[in-house]
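Okay, so here's the structure we're looking at.
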Amino acid sequence: MIVRILKRLDIEVSKYNQEALIEGFATLKKATVKILGQTALLEANIDLKLNATNDVDAYIDGVHWIRKKFDELLSYENKHLDPHSNEVWMPKETKYKQIFYGHNVDGFVAEPEYVLLSKALKAFPKNKMLILEYLSKKPSKKFLALAKKYRLDLKGFISE
């Protein structure tokens with residue numbers, strides 16, 4: 001779903017830029033969209049029971065028009081851009097997988113371990129069952145290293 005929306009966004013930015021050139025206005029520079037949170041986990045197709053969500057968290061490096069157009073395109077999928085996306089905490093070393101490369105927009109999705117760490121550290125009560133399920137399925141070495149670095153008490157987590 002996200003790749004389809006990013007492709008459409010790329011086309012919309014192309015149209016905008018073509019009109020801007022004709023009218024003598026400035027064109028929009030290339031934007032970057034980084035998908036976070038539950039949507040990133042859904043896009044990663046990981047083996048966890050994930051709740052569908054209407055909120056899409058994304059860091060968007062682009063002008064307001066691009067954020068607005070992205071939100072509009074999400075609405076066609078009964079989703080919307082979380083207006084507080086820029087407040088989502090992600091580890092500074094978060095790695096993103098590129099899922100779309102366009103002329104005007106590049107799209108990335110946060111790797112699952114970083115999203116899960118963020119959820120465990122910053123939104124535990126809401127994500128307790130998800131994190132416990134992940135831990136029960138032998139977490140990756142990357143996640144365990146991140147948990148250690150960020151002092152996530154996994155034993156205390158399980159015993160709560």
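Quick note on naming: the chains in the structure tokens go A, B, ... in the order shown, residues restart at 1 in each chain, and ligands are numbered from 1 in order of appearance.
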- [ ] Pick out the residues sitting within 7 Å of Asp57 in chain A, and hand them over as a VMD selection string; count only C-alpha atoms, and ignore anything fewer than 5 positions along from it in its own chain.
- [x] chain A and resid 35 to 37 81 to 82 85
TODO: Do a neighbour search on Met90 in chain A at 12 Å with only C-alpha atoms, toss out local chain neighbours closer than 6 positions, and write the hits as number ranges by chain.
DONE: A: 34-37, 57-59, 96, 110-123, 146, 150
TODO: Enumerate, as a list of chain:residue names, the complete set of residues in chain A that a backbone-based DSSP assignment places in strand (DSSP E).
DONE: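 In chain A, DSSP puts these residues in strand (DSSP E): A:Ala31, A:Thr32, A:Val33, A:Lys34, A:Ile35, A:Asp55, A:Val56, A:Ala58, A:Tyr59, A:Ile60, A:Asp61, A:His80, A:Leu81, A:Tyr96, A:Lys97, A:Gln98, A:Ile99, A:Phe100, A:Tyr101, A:Val105, A:Asp106, A:Gly107, A:Phe108, A:Val109, A:Ala110.
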Open item on the list: I need the residue nearest Gly62 in chain A from this list: A:Thr32, A:Asn127, A:Ser140, A:Asn104. Use only C-alpha atoms for the distance.
Closed with: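 Counting only C-alpha atoms, the residue closest to Gly62 in chain A is A:Thr32.
Pairwise distance (CA of Phe100 in chain A, CA of Tyr134 in chain A) equals 27.2 Å.
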Task: Selected residue, from A:Tyr16, A:Ile11, A:Asp47, A:Val109, that lies nearest to Pro139 in chain A when counting only C-alpha atoms - done: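 Residue with the minimum atom-to-atom distance to Pro139 in chain A: A:Asp47.
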Task: Test item: residues at most 9 Å from Phe70 in chain A, only C-alpha atoms, excluding those fewer than 4 positions along its chain, as a PyMOL selection string - done: chain A and resi 5-6+8-9+65-66+74-75+80-81
Generate a file of the selected residues that holds N, CA and C atoms, formatted as a short mmCIF file (atom, residue, chain, number, x, y, z; two decimals), in the first residue's frame.
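Full text of result.cif as output:
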data_model
loop_
_atom_site.label_atom_id
_atom_site.label_comp_id
_atom_site.auth_asym_id
_atom_site.auth_seq_id
_atom_site.Cartn_x
_atom_site.Cartn_y
_atom_site.Cartn_z
N ILE A 5 1.19 4.45 -2.77
CA ILE A 5 0.95 5.85 -2.41
C ILE A 5 2.17 6.71 -2.76
N LEU A 6 3.35 6.18 -2.50
CA LEU A 6 4.57 6.93 -2.84
C LEU A 6 4.69 7.14 -4.35
N ARG A 8 2.20 7.38 -6.44
CA ARG A 8 1.20 8.40 -6.77
C ARG A 8 1.69 9.79 -6.33
N LEU A 9 2.33 9.86 -5.16
CA LEU A 9 2.87 11.13 -4.68
C LEU A 9 3.94 11.64 -5.64
N TRP A 65 3.29 21.24 1.29
CA TRP A 65 2.43 20.75 0.21
C TRP A 65 2.58 19.24 0.06
N ILE A 66 3.79 18.74 0.19
CA ILE A 66 4.04 17.30 0.05
C ILE A 66 3.41 16.53 1.21
N LEU A 74 -3.19 9.09 1.38
CA LEU A 74 -3.46 8.09 2.40
C LEU A 74 -4.97 7.97 2.65
N SER A 75 -5.67 9.09 2.57
CA SER A 75 -7.11 9.07 2.86
C SER A 75 -7.88 8.16 1.89
N HIS A 80 -4.55 8.06 7.50
CA HIS A 80 -4.13 9.46 7.53
C HIS A 80 -2.76 9.58 8.18
N LEU A 81 -2.08 10.64 7.80
CA LEU A 81 -0.77 10.93 8.36
C LEU A 81 -0.97 11.45 9.78
#
Open item on the list: Using Å and a single decimal, report how far CA of Glu133 in chain A sits from CA of Asn45 in chain A.
Closed with: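 Computed distance, CA of Asn45 in chain A to CA of Glu133 in chain A, equals 14.9 Å.
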Task: CA of Lys69 in chain A to CA of Glu43 in chain A, distance in Å rounded to a single decimal - done: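 That distance, rounded to one decimal, is 20.6 Å.
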- [ ] Write out as a PyMOL selection string which residues come within 9 Å of Leu154 in chain A when counting only C-alpha atoms, dropping same-chain ones fewer than 6 positions away.
- [x] chain A and resi 135+144+147-148
Open item on the list: Taking only range 63-98 of chain A into account, list the residues labelled helix (DSSP H, G or I) by DSSP (computed from the backbone), as an NGL selection string.
Closed with: :A and (64-75 or 85-87)
Could you dump the residues just selected with C-alpha atoms as an mmCIF file, in the first residue's frame?
data_model
loop_
_atom_site.group_PDB
_atom_site.id
_atom_site.type_symbol
_atom_site.label_atom_id
_atom_site.label_comp_id
_atom_site.auth_asym_id
_atom_site.auth_seq_id
_atom_site.Cartn_x
_atom_site.Cartn_y
_atom_site.Cartn_z
ATOM 1 C CA HIS A 64 4.111 21.357 3.591
ATOM 2 C CA TRP A 65 2.427 20.754 0.208
ATOM 3 C CA ILE A 66 4.044 17.295 0.050
ATOM 4 C CA ARG A 67 2.902 16.415 3.589
ATOM 5 C CA LYS A 68 -0.613 17.539 2.718
ATOM 6 C CA LYS A 69 -0.675 15.614 -0.580
ATOM 7 C CA PHE A 70 0.708 12.477 1.125
ATOM 8 C CA ASP A 71 -2.061 12.709 3.736
ATOM 9 C CA GLU A 72 -4.652 13.172 0.988
ATOM 10 C CA LEU A 73 -3.395 10.076 -0.847
ATOM 11 C CA LEU A 74 -3.464 8.092 2.404
ATOM 12 C CA SER A 75 -7.110 9.066 2.861
ATOM 13 C CA SER A 85 4.734 11.939 13.450
ATOM 14 C CA ASN A 86 7.637 14.328 13.888
ATOM 15 C CA GLU A 87 7.458 13.623 17.648
#
Task: Among the residues A:Asp55, A:Asp61, A:Asp10, A:Glu19, the one that comes closest to Val33 in chain A [using only C-alpha atoms] - done: A:Asp61
Task: Using only C-alpha atoms: which of A:Lys155, A:Met1, A:Leu28, A:Ala44 has the shortest distance to Val13 in chain A - done: A:Leu28
- [ ] Pick out the closest residue to Thr27 in chain A from this set: A:Leu130, A:Val3, A:Ile46, A:Val63. Count only C-alpha atoms.
- [x] A:Val63
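Using only C-alpha atoms, the nearest neighbour of Gly102 in chain A within the list A:Leu42, A:Gln18, A:Ala31, A:Met129 is A:Ala31.
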